>>> print(open('upload-v4.cif').read())   # mmCIF, C-alpha atoms and all ligand atoms
data_run
loop_
_atom_site.label_atom_id
_atom_site.label_comp_id
_atom_site.auth_asym_id
_atom_site.auth_seq_id
_atom_site.Cartn_x
_atom_site.Cartn_y
_atom_site.Cartn_z
CA MET A 1 -51.83 133.26 141.25
CA PRO A 2 -49.29 135.81 142.55
CA SER A 3 -45.67 134.75 142.82
CA ILE A 4 -43.81 136.68 145.50
CA LEU A 5 -40.08 136.85 146.15
CA GLY A 6 -39.47 137.13 149.91
CA ILE A 7 -36.26 138.39 151.49
CA GLU A 8 -35.22 137.87 155.12
CA SER A 9 -32.16 139.41 156.81
CA THR A 10 -33.34 140.54 160.25
CA CYS A 11 -30.78 138.61 162.30
CA ASP A 12 -28.24 135.97 161.29
CA GLU A 13 -29.84 134.15 158.35
CA THR A 14 -29.75 135.55 154.82
CA ALA A 15 -32.76 134.04 153.11
CA ALA A 16 -34.81 134.34 149.93
CA ALA A 17 -37.82 132.35 148.75
CA VAL A 18 -40.35 132.29 145.96
CA VAL A 19 -43.89 131.49 147.11
CA GLU A 20 -47.00 131.13 144.92
CA ASP A 21 -50.44 131.99 146.26
CA GLY A 22 -48.96 132.49 149.72
CA VAL A 23 -48.71 128.73 150.22
CA ARG A 24 -46.78 126.85 147.55
CA VAL A 25 -43.09 127.21 148.36
CA ARG A 26 -41.22 127.06 145.03
CA SER A 27 -37.83 127.70 146.63
CA ASN A 28 -36.56 128.35 150.14
CA ILE A 29 -32.87 129.29 150.32
CA VAL A 30 -31.27 130.01 153.70
CA ALA A 31 -27.60 130.94 154.15
CA THR A 32 -27.03 130.47 157.85
CA GLN A 33 -24.28 132.30 159.71
CA THR A 34 -24.27 129.94 162.70
CA ALA A 35 -20.63 128.95 162.20
CA LEU A 36 -19.50 132.59 162.20
CA HIS A 37 -21.21 133.38 165.50
CA ALA A 38 -20.71 130.05 167.28
CA LYS A 39 -17.46 130.96 169.03
CA TYR A 40 -19.14 134.09 170.51
CA ARG A 41 -22.13 131.97 171.63
CA GLY A 42 -24.52 134.54 170.19
CA VAL A 43 -25.06 136.81 167.22
CA VAL A 44 -22.48 139.59 166.74
CA PRO A 45 -24.34 142.37 164.85
CA GLU A 46 -21.35 143.71 162.91
CA ILE A 47 -20.35 140.23 161.70
CA ALA A 48 -23.98 139.54 160.78
CA SER A 49 -24.38 142.60 158.56
CA ARG A 50 -21.10 141.94 156.73
CA ALA A 51 -22.14 138.33 156.05
CA HIS A 52 -25.57 139.47 154.80
CA LEU A 53 -23.84 141.78 152.36
CA GLU A 54 -21.77 138.90 150.97
CA ASN A 55 -24.69 136.47 150.82
CA ILE A 56 -27.67 138.51 149.70
CA ASN A 57 -27.17 138.54 145.92
CA PRO A 58 -26.20 134.85 145.55
CA VAL A 59 -29.09 133.80 147.82
CA ILE A 60 -31.63 135.81 145.81
CA GLU A 61 -30.27 134.45 142.52
CA GLU A 62 -30.38 130.90 143.84
CA SER A 63 -33.96 131.30 145.06
CA LEU A 64 -35.05 132.39 141.60
CA SER A 65 -33.22 129.62 139.76
CA ALA A 66 -34.35 126.91 142.23
CA ALA A 67 -37.94 128.07 141.66
CA GLY A 68 -37.38 127.99 137.89
CA ALA A 69 -38.66 131.57 137.85
CA SER A 70 -37.57 134.62 135.89
CA TRP A 71 -38.01 138.24 136.96
CA ASP A 72 -41.02 138.77 134.69
CA ARG A 73 -42.86 136.03 136.64
CA ILE A 74 -42.40 137.79 140.01
CA ASP A 75 -45.44 139.89 140.99
CA ALA A 76 -44.07 141.57 144.13
CA ILE A 77 -41.01 141.79 146.36
CA ALA A 78 -41.52 141.25 150.10
CA VAL A 79 -38.98 142.00 152.79
CA ALA A 80 -38.84 141.60 156.57
CA HIS A 81 -38.39 145.23 157.59
CA ARG A 82 -38.83 144.94 161.37
CA PRO A 83 -37.89 144.11 164.05
CA GLY A 84 -34.22 143.21 163.79
CA LEU A 85 -30.61 144.31 163.93
CA ILE A 86 -30.36 147.63 162.12
CA GLY A 87 -27.26 146.72 160.09
CA SER A 88 -28.83 143.41 159.06
CA LEU A 89 -32.16 145.01 158.13
CA LEU A 90 -30.34 147.57 156.04
CA ILE A 91 -29.00 144.91 153.69
CA GLY A 92 -32.29 143.09 153.04
CA VAL A 93 -34.39 146.24 152.77
CA THR A 94 -31.94 147.92 150.39
CA ALA A 95 -31.83 144.81 148.18
CA ALA A 96 -35.65 144.58 148.17
CA LYS A 97 -36.16 148.27 147.37
CA THR A 98 -33.65 148.08 144.54
CA LEU A 99 -35.27 145.00 143.01
CA ALA A 100 -38.82 146.37 143.32
CA TRP A 101 -37.71 149.57 141.62
CA CYS A 102 -35.87 147.71 138.86
CA ILE A 103 -38.73 145.35 137.97
CA GLY A 104 -41.46 147.92 138.64
CA LYS A 105 -43.43 145.71 141.05
CA PRO A 106 -44.92 146.43 144.50
CA LEU A 107 -42.68 146.35 147.56
CA ILE A 108 -44.26 144.83 150.68
CA GLY A 109 -42.82 145.36 154.16
CA VAL A 110 -43.48 142.39 156.47
CA ASP A 111 -43.15 142.16 160.25
CA HIS A 112 -40.77 139.27 160.96
CA VAL A 113 -42.46 138.13 164.20
CA HIS A 114 -45.93 138.20 162.65
CA ALA A 115 -44.55 136.13 159.72
CA HIS A 116 -43.47 133.38 162.16
CA LEU A 117 -47.19 132.91 162.95
CA TYR A 118 -48.05 132.78 159.25
CA SER A 119 -45.54 129.95 158.70
CA VAL A 120 -48.12 127.35 159.87
CA ARG A 121 -49.93 127.91 156.51
CA LEU A 122 -46.91 127.15 154.32
CA GLN A 123 -47.32 124.09 152.06
CA SER A 124 -50.53 122.89 153.76
CA GLY A 125 -52.55 126.06 153.20
CA ILE A 126 -54.54 125.36 156.37
CA ASP A 127 -56.82 128.09 157.65
CA PRO A 128 -56.73 127.92 161.44
CA PRO A 129 -60.13 128.69 163.00
CA MET A 130 -60.38 132.16 164.54
CA PRO A 131 -60.08 133.67 167.07
CA ALA A 132 -56.75 132.06 167.83
CA VAL A 133 -53.93 132.42 170.31
CA GLY A 134 -50.48 132.69 168.71
CA LEU A 135 -47.11 132.19 170.33
CA VAL A 136 -43.85 133.18 168.67
CA CYS A 137 -40.98 131.65 170.60
CA SER A 138 -37.51 132.17 169.16
CA GLY A 139 -34.03 133.42 169.93
CA GLY A 140 -35.18 137.03 169.90
CA HIS A 141 -38.86 136.84 170.89
CA THR A 142 -41.33 135.26 173.23
CA ALA A 143 -44.56 136.93 172.18
CA LEU A 144 -48.16 135.94 172.76
CA TYR A 145 -50.87 137.18 170.38
CA ARG A 146 -54.62 137.23 170.11
CA LEU A 147 -55.57 136.76 166.47
CA ASN A 148 -58.90 137.65 164.88
CA SER A 149 -57.49 136.74 161.48
CA MET A 150 -54.03 135.98 160.08
CA LEU A 151 -53.63 139.72 159.43
CA ASP A 152 -55.11 140.94 162.69
CA ALA A 153 -52.73 139.99 165.51
CA GLU A 154 -52.71 141.89 168.80
CA LEU A 155 -49.75 141.46 171.16
CA VAL A 156 -51.04 140.41 174.59
CA GLY A 157 -47.88 139.21 176.34
CA THR A 158 -44.15 139.29 175.90
CA THR A 159 -40.95 138.48 177.74
CA LEU A 160 -39.75 140.97 180.32
CA ASP A 161 -36.13 139.91 179.85
CA ASP A 162 -34.62 137.00 177.89
CA ALA A 163 -36.44 135.26 175.04
CA VAL A 164 -36.94 131.53 175.60
CA GLY A 165 -34.57 130.60 172.73
CA GLU A 166 -31.97 132.94 174.19
CA ALA A 167 -32.31 131.10 177.53
CA TYR A 168 -31.71 127.81 175.68
CA ASP A 169 -28.59 129.27 174.07
CA LYS A 170 -27.25 130.61 177.39
CA VAL A 171 -27.95 127.42 179.33
CA SER A 172 -26.16 125.45 176.63
CA ALA A 173 -23.16 127.77 177.11
CA ILE A 174 -23.30 127.27 180.90
CA LEU A 175 -23.20 123.52 180.31
CA GLY A 176 -20.22 123.89 177.97
CA LEU A 177 -22.30 122.75 174.99
CA GLY A 178 -22.58 124.27 171.52
CA TYR A 179 -24.56 127.01 169.78
CA PRO A 180 -27.42 127.27 169.02
CA GLY A 181 -28.36 125.58 172.26
CA GLY A 182 -32.01 124.75 171.54
CA PRO A 183 -31.57 121.67 169.36
CA ILE A 184 -28.72 120.38 171.58
CA LEU A 185 -30.66 120.59 174.85
CA ASP A 186 -33.80 119.27 173.14
CA GLY A 187 -31.76 116.25 172.01
CA LEU A 188 -30.34 115.65 175.50
CA ALA A 189 -33.57 116.17 177.46
CA PRO A 190 -35.11 112.71 176.80
CA ARG A 191 -32.01 111.09 178.37
CA GLY A 192 -32.42 113.07 181.61
CA ASP A 193 -34.89 113.05 184.50
CA PRO A 194 -37.04 116.23 184.39
CA SER A 195 -38.04 115.86 188.05
CA SER A 196 -34.44 115.52 189.33
CA ILE A 197 -34.15 119.30 189.78
CA ARG A 198 -36.98 121.77 190.38
CA PHE A 199 -36.12 124.93 188.46
CA PRO A 200 -38.36 128.03 188.93
CA ARG A 201 -41.40 128.74 186.75
CA ALA A 202 -41.58 132.56 186.59
CA LEU A 203 -44.72 134.73 186.56
CA LEU A 204 -47.15 131.87 187.06
CA ASP A 205 -48.44 133.29 190.31
CA HIS A 206 -50.48 136.13 188.83
CA ASP A 207 -52.72 136.92 185.89
CA SER A 208 -50.16 138.35 183.50
CA LEU A 209 -49.55 136.84 180.07
CA ASP A 210 -45.94 138.05 180.15
CA PHE A 211 -42.89 135.79 180.45
CA SER A 212 -39.53 135.93 182.20
CA PHE A 213 -36.65 133.51 181.61
CA SER A 214 -33.62 135.23 183.13
CA GLY A 215 -34.29 133.83 186.63
CA LEU A 216 -34.48 130.32 185.22
CA LYS A 217 -31.15 130.80 183.45
CA THR A 218 -29.56 132.07 186.70
CA ALA A 219 -31.01 129.11 188.61
CA VAL A 220 -29.26 126.76 186.16
CA LEU A 221 -26.02 128.72 186.59
CA TYR A 222 -26.20 128.43 190.40
CA HIS A 223 -27.05 124.74 190.14
CA VAL A 224 -24.04 124.04 187.91
CA ARG A 225 -21.43 126.33 189.49
CA GLY A 226 -22.74 126.94 193.03
CA ARG A 227 -24.22 130.18 194.40
CA GLN A 228 -20.96 132.12 194.20
CA GLY A 229 -20.55 130.98 190.62
CA ARG A 230 -17.13 129.47 191.41
CA GLU A 231 -17.73 126.53 193.73
CA ARG A 232 -17.88 123.91 190.98
CA THR A 233 -17.14 123.72 187.28
CA VAL A 234 -19.23 122.03 184.65
CA ALA A 235 -16.38 119.55 184.12
CA GLU A 236 -17.36 117.98 187.47
CA LEU A 237 -20.81 117.03 186.16
CA SER A 238 -21.34 113.56 184.73
CA GLN A 239 -23.04 113.09 181.36
CA GLN A 240 -26.15 111.93 183.23
CA GLN A 241 -26.17 115.07 185.40
CA ILE A 242 -25.89 117.27 182.30
CA SER A 243 -28.82 115.43 180.72
CA ASP A 244 -30.79 115.91 183.96
CA VAL A 245 -30.17 119.67 183.85
CA ALA A 246 -31.27 119.75 180.18
CA ALA A 247 -34.44 117.78 181.00
CA ALA A 248 -35.32 119.87 184.08
CA PHE A 249 -34.62 123.15 182.25
CA GLN A 250 -36.73 122.07 179.27
CA ALA A 251 -39.57 121.00 181.59
CA ALA A 252 -39.57 124.45 183.23
CA CYS A 253 -39.67 126.25 179.84
CA VAL A 254 -42.40 124.00 178.46
CA ASP A 255 -44.52 124.29 181.65
CA VAL A 256 -44.45 128.09 181.48
CA LEU A 257 -45.18 128.30 177.74
CA CYS A 258 -48.07 125.81 177.97
CA GLU A 259 -49.60 127.45 181.04
CA LYS A 260 -49.53 130.95 179.51
CA ILE A 261 -51.06 129.60 176.29
CA ARG A 262 -53.77 127.82 178.32
CA ARG A 263 -54.65 131.06 180.15
CA ALA A 264 -54.76 133.07 176.92
CA VAL A 265 -57.00 130.48 175.23
CA GLU A 266 -59.39 130.61 178.16
CA ARG A 267 -59.37 134.41 178.38
CA PHE A 268 -60.02 135.02 174.67
CA GLY A 269 -62.21 132.00 173.91
CA ALA A 270 -59.69 130.93 171.27
CA ARG A 271 -60.59 128.09 168.90
CA CYS A 272 -57.01 127.07 168.22
CA VAL A 273 -53.35 127.74 168.99
CA ILE A 274 -50.65 128.69 166.47
CA ILE A 275 -47.01 128.30 167.51
CA GLY A 276 -44.03 129.52 165.44
CA GLY A 277 -40.38 130.55 165.76
CA GLY A 278 -37.21 128.50 166.29
CA VAL A 279 -38.37 127.03 169.63
CA SER A 280 -41.54 125.68 167.97
CA ALA A 281 -39.27 122.91 166.63
CA ASN A 282 -38.85 121.73 170.23
CA ARG A 283 -39.92 118.11 170.70
CA GLY A 284 -40.79 118.58 174.37
CA LEU A 285 -43.11 121.49 173.56
CA ARG A 286 -44.75 119.64 170.65
CA GLN A 287 -45.32 116.60 172.85
CA ALA A 288 -46.73 118.66 175.73
CA MET A 289 -49.25 120.35 173.39
CA GLU A 290 -50.48 117.03 171.96
CA LYS A 291 -53.37 116.74 174.40
CA PHE A 292 -54.29 120.42 174.43
CA PRO A 293 -58.10 120.95 174.45
CA VAL A 294 -58.15 122.97 171.17
CA PRO A 295 -56.22 122.21 167.93
CA VAL A 296 -52.57 123.30 167.93
CA PHE A 297 -50.80 124.20 164.68
CA PHE A 298 -47.01 124.07 164.30
CA PRO A 299 -45.11 124.96 161.10
CA PRO A 300 -43.34 122.22 159.14
CA LEU A 301 -39.89 121.86 160.76
CA GLU A 302 -38.00 123.62 157.95
CA PHE A 303 -40.11 126.76 158.49
CA CYS A 304 -39.72 127.00 162.29
CA THR A 305 -36.43 128.89 162.23
CA ASP A 306 -35.86 132.06 160.22
CA ASN A 307 -36.73 131.78 156.54
CA ALA A 308 -38.03 133.95 153.71
CA ALA A 309 -40.94 131.72 152.68
CA MET A 310 -42.91 132.98 155.69
CA ILE A 311 -42.15 136.57 154.60
CA ALA A 312 -43.40 135.97 151.05
CA GLY A 313 -46.41 134.05 152.42
CA LEU A 314 -47.64 136.78 154.74
CA ALA A 315 -46.94 139.34 151.98
CA ASP A 316 -49.44 137.52 149.77
CA LEU A 317 -52.21 138.26 152.29
CA LEU A 318 -51.05 141.87 152.66
CA LEU A 319 -51.02 142.29 148.87
CA ALA A 320 -54.54 140.88 148.58
CA ALA A 321 -55.67 143.30 151.32
CA GLY A 322 -54.03 146.24 149.52
CA ARG A 323 -51.58 146.76 152.37
CA THR A 324 -48.42 147.36 150.38
CA SER A 325 -47.64 150.86 151.53
CA GLU A 326 -45.88 150.27 154.86
CA LEU A 327 -42.47 150.56 153.24
CA ASP A 328 -42.05 153.66 151.13
CA LEU A 329 -39.93 152.82 148.11
CA ASP A 330 -38.60 156.35 147.88
CA ALA A 331 -37.91 157.01 151.54
CA ILE A 332 -34.43 156.50 152.90
CA THR A 333 -35.13 156.62 156.60
CA TYR A 334 -34.43 154.03 159.28
CA SER A 335 -37.38 154.89 161.50
CA GLN A 336 -39.97 153.28 159.23
CA TRP A 337 -38.20 149.92 159.44
CA THR A 338 -37.71 149.74 163.15
CA ALA A 339 -40.90 151.39 164.45
O1 LIG A 401 -36.66 131.82 164.82
P1 LIG A 401 -35.18 131.74 164.97
O2 LIG A 401 -34.41 131.08 163.85
O3 LIG A 401 -34.53 133.15 165.13
C1 LIG A 401 -35.09 134.24 165.79
O4 LIG A 401 -36.00 134.90 165.22
O5 LIG A 401 -34.66 134.46 166.94
O6 LIG A 401 -34.89 131.00 166.35
C2 LIG A 401 -33.61 130.61 166.76
C3 LIG A 401 -33.72 130.10 168.19
C4 LIG A 401 -32.37 129.82 168.84
O7 LIG A 401 -32.33 130.43 170.11
C5 LIG A 401 -32.36 128.28 168.97
O8 LIG A 401 -31.62 127.82 170.09
C6 LIG A 401 -33.85 127.98 169.10
O9 LIG A 401 -34.48 128.88 168.22
N1 LIG A 401 -34.19 126.60 168.73
C7 LIG A 401 -34.70 125.70 169.59
C8 LIG A 401 -34.83 124.48 168.88
N2 LIG A 401 -34.41 124.69 167.59
C9 LIG A 401 -34.03 126.02 167.52
N3 LIG A 401 -35.04 125.81 170.89
C10 LIG A 401 -35.50 124.71 171.51
N4 LIG A 401 -35.65 123.51 170.90
C11 LIG A 401 -35.33 123.35 169.60
N5 LIG A 401 -35.49 122.15 169.01
ZN ZN A 402 -37.25 134.70 163.82
#
>>> encode(input="upload-v4.cif", output="structure tokens")
Amino acid sequence: MPSILGIESTCDETAAAVVEDGVRVRSNIVATQTALHAKYRGVVPEIASRAHLENINPVIEESLSAAGASWDRIDAIAVAHRPGLIGSLLIGVTAAKTLAWCIGKPLIGVDHVHAHLYSVRLQSGIDPPMPAVGLVCSGGHTALYRLNSMLDAELVGTTLDDAVGEAYDKVSAILGLGYPGGPILDGLAPRGDPSSIRFPRALLDHDSLDFSFSGLKTAVLYHVRGRQGRERTVAELSQQQISDVAAAFQAACVDVLCEKIRRAVERFGARCVIIGGGVSANRGLRQAMEKFPVPVFFPPLEFCTDNAAMIAGLADLLLAAGRTSELDLDAITYSQWTA
């Protein structure tokens, strides 16, 4: 029954968790930096790495004490070592290497995006039938995978420009609303009329499994401010009009995500769909997938956004498969983290 300490610092959350058997989450501590980045309406890398440095030790200590665990009960240290902001990665990876060396236990490097797919197994321990189609939709990624097993995920489509969560954040800024924009627009959407405005659905006219959201974001900008960007201000929109924009924008995002998933399922003969990442918390998306022809698995809400339980969870499978060597404890190079 391995107990793994997971560490996550790829972007703007400093997180640590203790997970047993890859499923039972004994602690899940997340120090979010949202308030620090809110006034910039996006993550500022330099601020993020400084905050990680301040938070990392207290977060790790809290994760251990909340789990009621001591160091001699930890069987391995797992860390998200790619992809991410280099300064942010540096903090988590250095902490993980140091701890693994100190306690003499294996160090397991985990791909952050892949771990978002794993998060559907946390607490429930479900084993989704394979092959599966996986979608990771977050602030940094919109990535479609074909999975032959939880460990065997092949990237089959990705965004050509903005990630879907990033589009949510930018549209929220255009509407003069807060950050992160996803939960705010998701909350407003049910009060608006999704058919009041027809925003574009990109890349649906050919076979590709790739995504594009920058045109949709620009369409919202033109709708709100006029084609020159200066004809109107958002202050001229009523509350109902803002809700309509939120509803129509969300409908366009959800249509595109669902349609690409449908195509991938058909193409690969998938037996289920796995959806993870911050946008997988979206109520509109969850509702739209309710009647999907194959089972759809979402993570519990607390594991949709960035967390370290998913890192420790996926590490458990990697440990069992003997795949602990991706991160060299002795090497001090950046390339192995970002490749
Ligand atoms: O997975 P995550 O915490 O970080 C990345 O790996 O990027 O995702 C954060 C993103 C943000 O862009 C946020 O606006 C979005 O997830 N998000 C949502 C919702 N909750 C969070 N987007 C749409 N609907 C939501 N309910
Ligand atoms: Zn993430």
>>> closest_residue(input="upload-v4.cif", among="A:Arg146, A:Arg50, A:Arg82, A:Arg121", to="ligand LIG 401 (chain A)", atoms="all atoms listed in the file")
A:Arg82
>>> residues_near_point(input="upload-v4.cif", point="(-32.2, 114.0, 180.5)", cutoff="7 Å", atoms="all atoms listed in the file", output="list in words")
Leu188, Ala189, Pro190, Arg191, Gly192, Asp193, Pro194, Gln240, Ser243, Asp244, Val245, Ala246 and Ala247 of chain A
>>> residues_near_ligand(input="upload-v4.cif", ligand="ligand LIG 401 (chain A)", cutoff="6 Å", atoms="only C-alpha atoms and all ligand atoms", output="PyMOL selection string")
chain A and resi 138-140+165-166+168-169+180-183+186+277-279+281-282+305-306
>>> closest_residue(input="upload-v4.cif", among="A:Ala38, A:Ala163, A:Ile103, A:Ala66", to="Gly178 in chain A", atoms="all atoms listed in the file")
A:Ala38
>>> closest_atom_pairs(input="upload-v4.cif", of="chain A", to="ligand ZN 402 (chain A)", cutoff="12 Å", atoms="only C-alpha atoms and all ligand atoms", output="tab-separated table")
residue	atom	partner	partner_atom	distance
A:Glu8	CA	A:ZN402	ZN	9.5
A:Ser9	CA	A:ZN402	ZN	9.9
A:Thr10	CA	A:ZN402	ZN	7.9
A:Cys11	CA	A:ZN402	ZN	7.7
A:Asp12	CA	A:ZN402	ZN	9.4
A:Glu13	CA	A:ZN402	ZN	9.2
A:Thr14	CA	A:ZN402	ZN	11.7
A:Ala15	CA	A:ZN402	ZN	11.6
A:Ala80	CA	A:ZN402	ZN	10.1
A:Arg82	CA	A:ZN402	ZN	10.6
A:Pro83	CA	A:ZN402	ZN	9.4
A:Gly84	CA	A:ZN402	ZN	9.0
A:Leu85	CA	A:ZN402	ZN	11.7
A:Asp111	CA	A:ZN402	ZN	10.2
A:His112	CA	A:ZN402	ZN	6.4
A:Val113	CA	A:ZN402	ZN	6.2
A:His114	CA	A:ZN402	ZN	9.4
A:Ala115	CA	A:ZN402	ZN	8.5
A:His116	CA	A:ZN402	ZN	6.6
A:Leu117	CA	A:ZN402	ZN	10.1
A:Tyr118	CA	A:ZN402	ZN	11.9
A:Ser119	CA	A:ZN402	ZN	10.8
A:Val136	CA	A:ZN402	ZN	8.3
A:Cys137	CA	A:ZN402	ZN	8.3
A:Ser138	CA	A:ZN402	ZN	5.9
A:Gly139	CA	A:ZN402	ZN	7.0
A:Gly140	CA	A:ZN402	ZN	6.8
A:His141	CA	A:ZN402	ZN	7.6
A:Thr142	CA	A:ZN402	ZN	10.3
A:Ala143	CA	A:ZN402	ZN	11.3
A:Ala163	CA	A:ZN402	ZN	11.3
A:Gly165	CA	A:ZN402	ZN	10.2
A:Glu166	CA	A:ZN402	ZN	11.8
A:Gly276	CA	A:ZN402	ZN	8.7
A:Gly277	CA	A:ZN402	ZN	5.5
A:Gly278	CA	A:ZN402	ZN	6.7
A:Val279	CA	A:ZN402	ZN	9.7
A:Ser280	CA	A:ZN402	ZN	10.8
A:Phe303	CA	A:ZN402	ZN	10.0
A:Cys304	CA	A:ZN402	ZN	8.2
A:Thr305	CA	A:ZN402	ZN	6.1
A:Asp306	CA	A:ZN402	ZN	4.7
A:Asn307	CA	A:ZN402	ZN	7.9
A:Ala308	CA	A:ZN402	ZN	10.2
A:Met310	CA	A:ZN402	ZN	10.1
A:Ile311	CA	A:ZN402	ZN	10.6
>>> closest_residue(input="upload-v4.cif", among="A:Glu20, A:Glu46, A:Glu236, A:Glu54", to="Ala69 in chain A", atoms="all atoms listed in the file")
A:Glu20
>>> residues_around(input="upload-v4.cif", residues="Ala167 in chain A", least_positions_apart="3", cutoff="10 Å", atoms="only C-alpha atoms", output="VMD selection string")
chain A and resid 138 to 139 161 to 164 170 to 173 181 to 182 212 to 218 249 253
>>> atom_distance(input="upload-v4.cif", atom1="CA of Lys260 in chain A", atom2="CA of Leu185 in chain A")
22.0 Å
>>> closest_residue(input="upload-v4.cif", among="A:Gly42, A:Gly104, A:Pro295, A:Gly157", to="Asp127 in chain A", atoms="all atoms listed in the file")
A:Pro295
>>> atom_distance(input="upload-v4.cif", atom1="CA of Phe211 in chain A", atom2="CA of Leu160 in chain A")
6.1 Å
>>> atom_distance(input="upload-v4.cif", atom1="CA of Ala48 in chain A", atom2="CA of Gly187 in chain A")
27.0 Å
